[in-house]
file structure_14.txt (compact mmCIF, C-alpha atoms and all ligand atoms)
# COMPACT_ATOMS: atom_id res chain seq x y z
CA MET A 1499 0.00 0.00 0.00
CA THR A 1500 1.30 3.43 -0.90
CA GLN A 1501 0.05 6.27 1.22
CA ILE A 1502 0.40 9.70 -0.25
CA PRO A 1503 -0.68 12.56 1.97
CA VAL A 1504 -1.56 15.69 0.12
CA ILE A 1505 -1.76 19.02 1.85
CA GLN A 1506 -2.66 21.16 -1.07
CA ASN A 1507 -3.60 20.28 -4.59
CA PRO A 1508 -0.97 22.09 -6.69
CA GLU A 1509 -3.66 22.77 -9.28
CA MET A 1510 -5.69 24.71 -6.76
CA VAL A 1511 -5.56 28.47 -6.74
CA ASN A 1512 -5.62 30.34 -3.49
CA PRO A 1513 -9.18 29.82 -2.20
CA GLN A 1514 -9.43 33.55 -1.63
CA ASP A 1515 -9.13 34.07 -5.38
CA LEU A 1516 -12.13 31.89 -6.00
CA THR A 1517 -14.52 34.61 -4.98
CA ALA A 1518 -13.19 36.75 -7.78
CA LYS A 1519 -12.84 34.08 -10.45
CA THR A 1520 -15.32 31.85 -12.25
CA ASN A 1521 -14.68 28.12 -11.92
CA LEU A 1522 -15.05 26.64 -15.42
CA LEU A 1523 -14.99 23.08 -14.12
CA GLY A 1524 -18.50 21.63 -14.10
CA MET A 1525 -20.02 24.29 -16.38
CA SER A 1526 -22.22 22.89 -19.13
CA LYS A 1527 -21.39 23.57 -22.77
CA ALA A 1528 -24.24 26.10 -22.89
CA GLU A 1529 -23.02 27.88 -19.74
CA LEU A 1530 -19.49 27.97 -21.06
CA SER A 1531 -20.64 29.31 -24.44
CA GLN A 1532 -22.49 32.07 -22.62
CA PHE A 1533 -19.41 32.77 -20.52
CA PHE A 1534 -17.33 33.27 -23.67
CA ALA A 1535 -20.07 35.30 -25.32
CA ASP A 1536 -19.98 37.61 -22.29
CA LEU A 1537 -16.25 38.00 -22.84
CA GLY A 1538 -16.93 38.99 -26.46
CA GLU A 1539 -15.60 35.66 -27.78
CA LYS A 1540 -17.09 33.18 -30.23
CA PRO A 1541 -19.08 30.29 -28.65
CA PHE A 1542 -16.74 27.65 -30.15
CA ARG A 1543 -14.19 28.68 -27.53
CA ALA A 1544 -16.34 26.66 -25.12
CA THR A 1545 -15.62 23.34 -26.84
CA GLN A 1546 -11.94 24.23 -27.27
CA VAL A 1547 -11.56 24.89 -23.56
CA MET A 1548 -13.65 21.86 -22.61
CA LYS A 1549 -11.27 19.59 -24.53
CA TRP A 1550 -8.29 21.07 -22.72
CA ILE A 1551 -9.91 20.65 -19.33
CA TYR A 1552 -11.56 17.24 -19.65
CA GLN A 1553 -9.45 15.40 -22.21
CA PHE A 1554 -5.98 16.71 -21.47
CA GLY A 1555 -6.39 17.63 -17.79
CA VAL A 1556 -5.03 21.13 -18.38
CA THR A 1557 -5.89 23.88 -15.92
CA ASP A 1558 -3.31 26.47 -16.93
CA PHE A 1559 -4.86 28.69 -19.59
CA TYR A 1560 -1.40 29.53 -20.96
CA GLN A 1561 -1.03 25.85 -21.95
CA MET A 1562 -4.19 26.02 -24.07
CA THR A 1563 -2.24 26.67 -27.23
CA ASN A 1564 -5.12 27.19 -29.65
CA LEU A 1565 -6.36 30.22 -27.68
CA SER A 1566 -5.02 33.67 -28.51
CA LYS A 1567 -2.49 35.15 -26.09
CA LYS A 1568 -5.02 37.83 -25.23
CA LEU A 1569 -7.72 35.28 -24.36
CA GLN A 1570 -5.27 33.21 -22.32
CA GLN A 1571 -4.45 36.30 -20.31
CA THR A 1572 -8.10 37.26 -19.88
CA LEU A 1573 -9.01 33.77 -18.71
CA ASP A 1574 -6.12 33.77 -16.29
CA GLU A 1575 -7.52 36.97 -14.79
CA VAL A 1576 -11.19 36.02 -14.57
CA ALA A 1577 -11.43 32.23 -14.48
CA THR A 1578 -10.04 29.09 -12.85
CA VAL A 1579 -10.33 25.36 -13.30
CA SER A 1580 -10.56 24.20 -9.70
CA PRO A 1581 -11.42 20.66 -8.61
CA PRO A 1582 -12.14 20.03 -4.92
CA THR A 1583 -9.03 19.85 -2.77
CA VAL A 1584 -7.46 16.41 -2.39
CA LYS A 1585 -7.00 16.02 1.33
CA PHE A 1586 -5.62 12.52 1.22
CA LYS A 1587 -5.13 9.74 -1.31
CA GLN A 1588 -4.21 6.08 -1.13
CA PHE A 1589 -3.26 3.70 -3.91
CA SER A 1590 -3.74 -0.01 -3.20
CA GLU A 1591 -1.50 -2.77 -4.45
CA ASP A 1592 -4.40 -4.26 -6.42
CA GLY A 1593 -4.75 -0.99 -8.36
CA THR A 1594 -7.63 0.43 -6.32
CA ARG A 1595 -7.26 4.14 -5.64
CA LYS A 1596 -9.06 6.19 -3.04
CA TRP A 1597 -9.28 9.96 -2.60
CA VAL A 1598 -10.66 12.00 0.26
CA PHE A 1599 -11.73 15.44 -0.93
CA GLU A 1600 -12.36 18.50 1.13
CA VAL A 1601 -15.23 20.40 -0.41
CA ALA A 1602 -16.31 23.98 0.27
CA GLY A 1603 -17.21 24.39 3.94
CA GLY A 1604 -14.63 21.82 5.08
CA SER A 1605 -16.71 18.66 4.63
CA LEU A 1606 -15.04 15.48 3.42
CA VAL A 1607 -16.20 13.11 0.70
CA GLU A 1608 -14.62 9.96 -0.68
CA THR A 1609 -14.14 8.63 -4.19
CA VAL A 1610 -12.86 5.18 -5.10
CA LEU A 1611 -11.46 3.86 -8.36
CA ILE A 1612 -11.66 0.10 -8.85
CA PRO A 1613 -9.77 -1.49 -11.73
CA ALA A 1614 -10.86 -4.74 -13.39
CA ASP A 1615 -9.33 -7.88 -11.92
CA ASP A 1616 -6.40 -7.85 -14.34
CA ASN A 1617 -5.54 -4.21 -13.48
CA LYS A 1618 -4.18 -3.64 -16.99
CA GLN A 1619 -2.99 -0.17 -17.86
CA PHE A 1620 -5.83 0.42 -20.32
CA GLY A 1621 -8.30 -2.06 -18.76
CA ARG A 1622 -11.67 -1.25 -17.23
CA LYS A 1623 -11.50 1.22 -14.39
CA THR A 1624 -14.68 2.06 -12.51
CA LEU A 1625 -14.95 5.21 -10.44
CA CYS A 1626 -17.49 5.38 -7.62
CA ILE A 1627 -18.51 9.02 -7.18
CA SER A 1628 -20.28 10.79 -4.31
CA SER A 1629 -23.17 13.17 -4.93
CA GLN A 1630 -23.86 14.55 -1.44
CA VAL A 1631 -22.07 15.09 1.84
CA GLY A 1632 -23.80 12.54 4.04
CA CYS A 1633 -27.27 11.27 3.23
CA ALA A 1634 -30.75 11.91 4.59
CA LEU A 1635 -32.18 8.47 3.84
CA ASP A 1636 -30.76 6.51 6.76
CA CYS A 1637 -30.68 3.01 5.31
CA SER A 1638 -30.08 0.75 8.29
CA PHE A 1639 -27.06 -1.11 6.79
CA CYS A 1640 -25.27 2.04 5.57
CA SER A 1641 -22.73 4.00 7.57
CA THR A 1642 -23.31 7.20 5.55
CA GLY A 1643 -26.93 7.14 6.64
CA LYS A 1644 -25.82 7.27 10.27
CA GLN A 1645 -23.93 10.47 9.57
CA GLY A 1646 -27.03 12.38 8.49
CA PHE A 1647 -27.23 14.85 5.63
CA GLU A 1648 -24.92 17.82 5.38
CA ARG A 1649 -25.28 19.28 1.91
CA ASP A 1650 -25.49 18.66 -1.82
CA LEU A 1651 -22.35 18.69 -3.94
CA SER A 1652 -22.07 21.18 -6.80
CA PRO A 1653 -21.35 20.09 -10.41
CA SER A 1654 -17.68 21.10 -10.04
CA GLU A 1655 -17.41 19.00 -6.86
CA ILE A 1656 -19.04 16.00 -8.57
CA ILE A 1657 -17.25 16.17 -11.92
CA GLY A 1658 -14.06 17.20 -10.10
CA GLN A 1659 -13.87 13.69 -8.58
CA LEU A 1660 -13.68 12.18 -12.07
CA TRP A 1661 -11.27 14.87 -13.24
CA VAL A 1662 -8.85 14.18 -10.36
CA ALA A 1663 -9.05 10.39 -10.87
CA ASN A 1664 -8.10 10.77 -14.54
CA GLN A 1665 -5.45 13.33 -13.64
CA SER A 1666 -3.78 10.78 -11.38
CA TYR A 1667 -2.76 8.83 -14.51
CA MET A 1668 -1.44 11.94 -16.28
CA GLU A 1669 1.42 12.91 -14.00
CA ASN A 1670 4.62 13.37 -15.99
CA VAL A 1671 2.80 12.60 -19.26
CA PRO A 1672 3.25 15.28 -21.96
CA VAL A 1673 -0.01 17.12 -22.64
CA THR A 1674 -0.37 15.81 -26.18
CA GLU A 1675 -0.05 12.19 -25.02
CA ARG A 1676 -2.57 12.38 -22.19
CA GLU A 1677 -5.77 10.41 -22.23
CA ASN A 1678 -8.47 9.62 -19.72
CA ARG A 1679 -8.21 6.22 -18.10
CA VAL A 1680 -11.46 5.98 -16.14
CA THR A 1681 -13.76 3.87 -18.33
CA ASN A 1682 -16.86 3.56 -16.11
CA VAL A 1683 -18.57 5.78 -13.57
CA VAL A 1684 -21.09 4.76 -10.94
CA MET A 1685 -22.94 7.43 -8.98
CA MET A 1686 -22.94 5.14 -5.98
CA GLY A 1687 -20.77 6.86 -3.38
CA MET A 1688 -22.08 9.02 -0.56
CA GLY A 1689 -25.57 10.38 -0.95
CA GLU A 1690 -28.74 9.75 -2.93
CA PRO A 1691 -28.01 11.20 -6.40
CA LEU A 1692 -31.67 11.73 -7.31
CA LEU A 1693 -32.04 14.06 -4.32
CA ASN A 1694 -29.34 16.29 -5.83
CA TYR A 1695 -30.92 16.05 -9.23
CA GLU A 1696 -29.79 19.04 -11.34
CA PRO A 1697 -26.07 18.99 -10.39
CA VAL A 1698 -25.96 15.20 -10.86
CA VAL A 1699 -27.61 15.31 -14.29
CA ALA A 1700 -25.38 18.23 -15.33
CA SER A 1701 -22.31 16.26 -14.23
CA MET A 1702 -23.39 13.10 -16.03
CA SER A 1703 -24.00 15.18 -19.17
CA LEU A 1704 -20.36 16.28 -19.02
CA MET A 1705 -19.29 12.65 -18.57
CA LEU A 1706 -21.13 11.71 -21.78
CA ASP A 1707 -20.27 14.83 -23.80
CA ASP A 1708 -17.81 14.26 -26.65
CA PHE A 1709 -16.00 17.43 -25.59
CA GLY A 1710 -16.16 16.35 -21.95
CA PHE A 1711 -15.10 12.88 -20.85
CA GLY A 1712 -16.81 11.18 -23.81
CA LEU A 1713 -17.94 8.11 -21.84
CA SER A 1714 -20.45 5.71 -23.34
CA LYS A 1715 -23.97 5.97 -21.91
CA ARG A 1716 -23.76 2.30 -20.90
CA ARG A 1717 -20.72 3.08 -18.79
CA VAL A 1718 -22.31 5.78 -16.67
CA THR A 1719 -24.62 4.39 -13.99
CA LEU A 1720 -26.79 6.23 -11.50
CA SER A 1721 -27.68 4.26 -8.40
CA THR A 1722 -30.83 5.17 -6.51
CA SER A 1723 -32.56 3.83 -3.44
CA GLY A 1724 -35.85 4.56 -5.21
CA ILE A 1725 -36.87 8.21 -5.47
CA VAL A 1726 -39.70 7.24 -7.79
CA PRO A 1727 -40.81 10.62 -9.25
CA LYS A 1728 -37.22 11.50 -10.09
CA MET A 1729 -36.73 8.14 -11.84
CA TYR A 1730 -39.43 9.16 -14.34
CA GLU A 1731 -37.75 12.55 -14.79
CA LEU A 1732 -34.35 10.95 -15.28
CA ALA A 1733 -35.66 8.74 -18.08
CA LYS A 1734 -36.66 11.88 -19.98
CA ASP A 1735 -33.58 13.96 -19.22
CA ILE A 1736 -30.59 11.70 -19.84
CA ASP A 1737 -29.77 8.26 -21.19
CA VAL A 1738 -27.61 6.46 -18.63
CA ALA A 1739 -27.74 3.06 -16.95
CA LEU A 1740 -29.76 2.79 -13.75
CA ALA A 1741 -29.02 0.76 -10.64
CA ILE A 1742 -31.61 0.27 -7.92
CA SER A 1743 -30.50 -0.34 -4.35
CA LEU A 1744 -33.22 -2.84 -3.59
CA HIS A 1745 -31.82 -5.00 -0.76
CA ALA A 1746 -35.16 -6.58 0.18
CA PRO A 1747 -37.82 -8.54 -1.73
CA ASN A 1748 -40.88 -7.40 0.27
CA ASP A 1749 -42.17 -4.13 1.69
CA GLU A 1750 -42.02 -5.15 5.32
CA LEU A 1751 -38.31 -5.88 5.22
CA ARG A 1752 -37.49 -3.03 2.85
CA ASN A 1753 -39.26 -0.53 5.11
CA GLU A 1754 -36.76 -1.55 7.75
CA LEU A 1755 -33.62 -1.61 5.58
CA VAL A 1756 -34.39 1.25 3.18
CA PRO A 1757 -36.87 3.55 4.96
CA ILE A 1758 -37.63 5.60 1.82
CA ASN A 1759 -39.62 2.49 0.86
CA LYS A 1760 -42.38 3.69 3.19
CA LYS A 1761 -42.85 6.67 0.87
CA TYR A 1762 -42.25 4.82 -2.42
CA PRO A 1763 -43.13 1.14 -1.85
CA LEU A 1764 -41.97 -1.71 -4.07
CA LYS A 1765 -45.00 -1.67 -6.37
CA GLU A 1766 -44.27 1.94 -7.32
CA LEU A 1767 -40.53 1.38 -7.49
CA ILE A 1768 -40.76 -1.61 -9.82
CA ALA A 1769 -43.28 0.22 -12.02
CA ALA A 1770 -40.84 3.15 -12.30
CA ALA A 1771 -37.99 0.76 -13.13
CA LYS A 1772 -40.06 -0.89 -15.87
CA SER A 1773 -40.95 2.48 -17.28
CA TYR A 1774 -37.25 3.37 -17.27
CA VAL A 1775 -36.36 0.27 -19.28
CA TYR A 1776 -39.24 0.49 -21.72
CA ASP A 1777 -38.61 3.99 -22.98
CA GLU A 1778 -41.10 5.30 -25.56
CA ASN A 1779 -38.26 5.30 -28.06
CA PRO A 1780 -37.18 1.66 -28.54
CA ARG A 1781 -33.72 2.84 -29.61
CA HIS A 1782 -33.31 4.24 -26.10
CA LYS A 1783 -33.64 0.87 -24.36
CA LYS A 1784 -32.11 1.46 -20.98
CA HIS A 1785 -30.39 -0.92 -18.62
CA VAL A 1786 -31.29 -1.62 -15.01
CA THR A 1787 -29.21 -3.41 -12.40
CA ILE A 1788 -30.64 -4.51 -9.06
CA GLU A 1789 -28.21 -4.08 -6.16
CA TYR A 1790 -28.79 -6.43 -3.23
CA VAL A 1791 -26.55 -6.35 -0.17
CA MET A 1792 -26.30 -9.78 1.49
CA LEU A 1793 -27.08 -9.48 5.21
CA LYS A 1794 -26.66 -12.62 7.27
CA ASP A 1795 -30.03 -14.11 8.34
CA VAL A 1796 -31.81 -10.88 7.41
CA ASN A 1797 -32.48 -10.93 3.66
CA ASP A 1798 -30.44 -13.91 2.43
CA THR A 1799 -32.65 -17.02 2.79
CA ASP A 1800 -33.92 -19.21 -0.04
CA GLU A 1801 -37.39 -17.81 0.61
CA HIS A 1802 -36.08 -14.26 0.11
CA ALA A 1803 -34.49 -15.35 -3.17
CA ARG A 1804 -37.79 -16.84 -4.35
CA GLN A 1805 -39.64 -13.64 -3.37
CA LEU A 1806 -37.06 -11.67 -5.34
CA VAL A 1807 -37.60 -13.85 -8.41
CA ASN A 1808 -41.33 -13.18 -8.15
CA LEU A 1809 -40.88 -9.45 -7.63
CA LEU A 1810 -38.57 -9.01 -10.61
CA LYS A 1811 -40.15 -11.49 -13.00
CA ASP A 1812 -41.38 -8.83 -15.44
CA LEU A 1813 -38.42 -6.48 -15.16
CA PRO A 1814 -35.52 -7.06 -17.56
CA CYS A 1815 -32.56 -6.57 -15.27
CA LYS A 1816 -29.43 -8.13 -13.95
CA ILE A 1817 -28.84 -8.64 -10.26
CA ASN A 1818 -25.69 -7.77 -8.39
CA LEU A 1819 -25.25 -9.41 -4.98
CA ILE A 1820 -23.00 -7.41 -2.66
CA PRO A 1821 -21.35 -9.14 0.29
CA PHE A 1822 -21.92 -6.78 3.22
CA ASN A 1823 -18.83 -5.06 4.59
CA PRO A 1824 -19.45 -4.52 8.29
CA PHE A 1825 -18.49 -1.14 9.73
CA PRO A 1826 -17.99 -0.36 13.44
CA HIS A 1827 -21.24 -0.94 15.38
CA ALA A 1828 -22.99 -2.27 12.25
CA PRO A 1829 -26.14 -4.11 13.30
CA TYR A 1830 -25.64 -6.78 10.59
CA GLY A 1831 -23.18 -9.46 9.58
CA ARG A 1832 -22.04 -10.63 6.15
CA SER A 1833 -23.74 -13.69 4.63
CA SER A 1834 -21.41 -16.66 4.20
CA ASN A 1835 -20.02 -17.38 0.72
CA ASN A 1836 -22.06 -20.61 0.62
CA ARG A 1837 -25.24 -18.72 1.40
CA ILE A 1838 -24.52 -16.09 -1.23
CA HIS A 1839 -23.91 -18.78 -3.85
CA ALA A 1840 -27.08 -20.67 -2.87
CA PHE A 1841 -29.04 -17.41 -3.17
CA SER A 1842 -27.43 -16.68 -6.52
CA ASN A 1843 -28.24 -20.19 -7.81
CA ILE A 1844 -31.94 -19.67 -7.21
CA LEU A 1845 -31.82 -16.45 -9.22
CA ASN A 1846 -29.77 -18.06 -11.99
CA GLN A 1847 -32.15 -21.00 -12.23
CA ALA A 1848 -35.03 -18.55 -12.62
CA GLY A 1849 -33.21 -17.07 -15.63
CA PHE A 1850 -31.62 -13.97 -14.11
CA VAL A 1851 -28.08 -12.90 -14.82
CA CYS A 1852 -26.67 -12.60 -11.35
CA THR A 1853 -23.17 -11.50 -10.34
CA ILE A 1854 -21.48 -11.46 -6.96
CA ARG A 1855 -19.41 -8.35 -6.37
CA GLN A 1856 -15.77 -8.95 -5.65
CA THR A 1857 -14.28 -7.07 -2.75
CA ARG A 1858 -11.36 -4.90 -3.82
CA GLY A 1859 -9.03 -2.43 -2.17
CA ASP A 1860 -9.18 -4.09 1.25
CA ASP A 1861 -5.76 -2.72 2.17
CA ILE A 1862 -7.03 0.85 1.85
CA ASP A 1863 -10.54 0.30 3.25
CA ALA A 1864 -12.05 1.04 -0.12
CA ALA A 1865 -14.36 -1.96 -0.34
CA CYS A 1866 -18.01 -1.33 -0.99
CA GLY A 1867 -19.73 -0.08 2.12
CA GLN A 1868 -16.45 0.98 3.66
CA LEU A 1869 -16.24 3.81 1.18
CA VAL A 1870 -18.76 5.87 3.01
CA GLY A 1871 -17.81 4.44 6.38
CA GLN A 1872 -14.50 6.21 6.31
CA VAL A 1873 -16.06 9.59 6.66
CA THR A 1874 -18.95 8.61 8.88
CA ASP A 1875 -17.37 10.04 11.94
CA LYS A 1876 -16.16 13.04 10.05
CA THR A 1877 -14.60 14.84 12.95
CA ARG A 1878 -12.66 11.86 14.20
CA ARG A 1879 -11.60 10.75 10.73
CA ALA A 1880 -10.61 14.24 9.71
CA LYS A 1881 -8.57 14.51 12.89
CA GLN A 1882 -6.85 11.19 12.17
CA TRP A 1883 -5.98 12.22 8.65
CA GLN A 1884 -4.73 15.56 9.80
CA GLU A 1885 -2.50 13.81 12.34
CA LYS A 1886 -1.19 11.46 9.66
CA VAL A 1887 -0.48 14.35 7.33
CA SER A 1888 1.28 16.45 9.94
CA LYS A 1889 3.36 13.45 11.10
CA THR A 1890 4.51 12.86 7.52
CA LEU A 1891 5.34 16.51 7.11
CA GLN A 1892 7.27 16.58 10.37
CA SER A 1893 9.28 13.53 9.34
CA LYS A 1894 9.98 15.11 5.94
CA ALA A 1895 11.09 18.33 7.62
CA SER A 1896 13.47 16.46 9.92
CA HIS A 1897 15.27 14.78 6.97
S1 LIG A 1901 -27.46 3.36 1.09
FE1 LIG A 1901 -27.36 5.18 -0.22
S2 LIG A 1901 -29.40 6.11 0.05
FE2 LIG A 1901 -29.18 4.66 1.77
S3 LIG A 1901 -28.33 5.94 3.48
FE3 LIG A 1901 -26.58 5.00 2.35
S4 LIG A 1901 -25.95 6.60 0.87
FE4 LIG A 1901 -28.05 7.08 1.56
call {"tool": "encode", "arguments": {"input": "structure_14.txt", "output": "structure tokens", "more": "lines below"}}
Ligand code: SF4
result
Amino acid sequence: MTQIPVIQNPEMVNPQDLTAKTNLLGMSKAELSQFFADLGEKPFRATQVMKWIYQFGVTDFYQMTNLSKKLQQTLDEVATVSPPTVKFKQFSEDGTRKWVFEVAGGSLVETVLIPADDNKQFGRKTLCISSQVGCALDCSFCSTGKQGFERDLSPSEIIGQLWVANQSYMENVPVTERENRVTNVVMMGMGEPLLNYEPVVASMSLMLDDFGFGLSKRRVTLSTSGIVPKMYELAKDIDVALAISLHAPNDELRNELVPINKKYPLKELIAAAKSYVYDENPRHKKHVTIEYVMLKDVNDTDEHARQLVNLLKDLPCKINLIPFNPFPHAPYGRSSNNRIHAFSNILNQAGFVCTIRQTRGDDIDAACGQLVGQVTDKTRRAKQWQEKVSKTLQSKASH
């Protein structure tokens, strides 16, 4: 494990300057075009600058060589490209990378990058992005829920997580040879993305945009616990894959595990999921994955599997079983491997494609469920990180 404490992101400008400058990171193409129009420039400057920011990871306007000297200077005076500050980062031996960001107001959020099993240089790399600081929904198996809700993230704070992850592969690479390495994004970190709707959709639009990160719509997934009205809106607004954090096959149990179920019960949730898949335009056939965390003796019996088969029988979907990662004081345990496989067999025999999520990044506490757990006790964690950082600095200073 390589631990790399970071005190200040070198790309960051002095925070005091931010009040005077416009952050271009996270602006939509339309907003950026308007920004350049206000400067008396042609709208195509927007796409030029977007390519520099999102495809080459450039934040220094003087390196944007197809802009006039005068425009470079103007941008340097009035604008910045400022991702959230990296407070701490850890790179695991299996290729998993984790960042802790400090966002405006001093709150911390985490982002994890998980490579495919082979960890090839250009292989699949999935980034799990946070959409809120904390979460209001209080799912009983989730450590973020225990933390409560602090605030929504802005588009620059959301897209900035992807920007920094890609940037981490660009160090010491000449600008013209840089390329983005993150291949997949899941909006599955801290928070309920559909409760921070506009910034999340704006960020995903930048992920898909050819002048942004240019990701395929099948490789950007939004995960929701079931904010039903927003699922219908999402289907109209953007074409991305959808994951549903289901975790229970009946209302009684789901009310307990995912309390938002009391407001939007399973009947409504499954109807919304079906509507999402069967878009009016058949060319827009969307994909749905069911996420199901395996909690020992709670939701993992054969009977639960059979109820799940019945619940999902008319919904084209694949099912992802997630071995629970206990966090301190968690009221649940992880189902045994045998139990998970028995559960999976019932689903397979009923014709479902069912995968069991592999745990990755154990040496940096980046496994699913631990992601949010790291910042649950924000004050204590922040204090620990600060102590780690200052210890490293002291040891550097003494050498
Ligand atoms: S599982 Fe998701 S929606 Fe539920 S409390 Fe955790 S972060 Fe919020």
call {"tool": "residues_near_ligand", "arguments": {"input": "structure_14.txt", "ligand": "ligand LIG 1901 (chain A)", "cutoff": "8 Å", "atoms": "all atoms listed in the file", "output": "PyMOL selection string"}}
result
chain A and resi 1632-1644+1686-1690+1722-1723+1743+1756+1870
call {"tool": "residues_around", "arguments": {"input": "structure_14.txt", "residues": "A:Ser1842", "least_positions_apart": "3", "cutoff": "9 Å", "atoms": "only C-alpha atoms", "output": "ChimeraX atom specification"}}
result
/A:1803,1817,1819,1837-1839,1845-1847,1852-1854
call {"tool": "closest_residue", "arguments": {"input": "structure_14.txt", "among": "A:Asn1818, A:Asn1664, A:Ser1721, A:Gln1570", "to": "A:Leu1692", "atoms": "only C-alpha atoms"}}
result
A:Ser1721
call {"tool": "atom_distance", "arguments": {"input": "structure_14.txt", "atom1": "atom CA of A:Pro1691", "atom2": "atom CA of A:Tyr1667"}}
result
26.6 Å
call {"tool": "closest_residue", "arguments": {"input": "structure_14.txt", "among": "A:Pro1814, A:Pro1821, A:Gly1658, A:Gly1593", "to": "A:Gly1621", "atoms": "all atoms listed in the file"}}
result
A:Gly1593
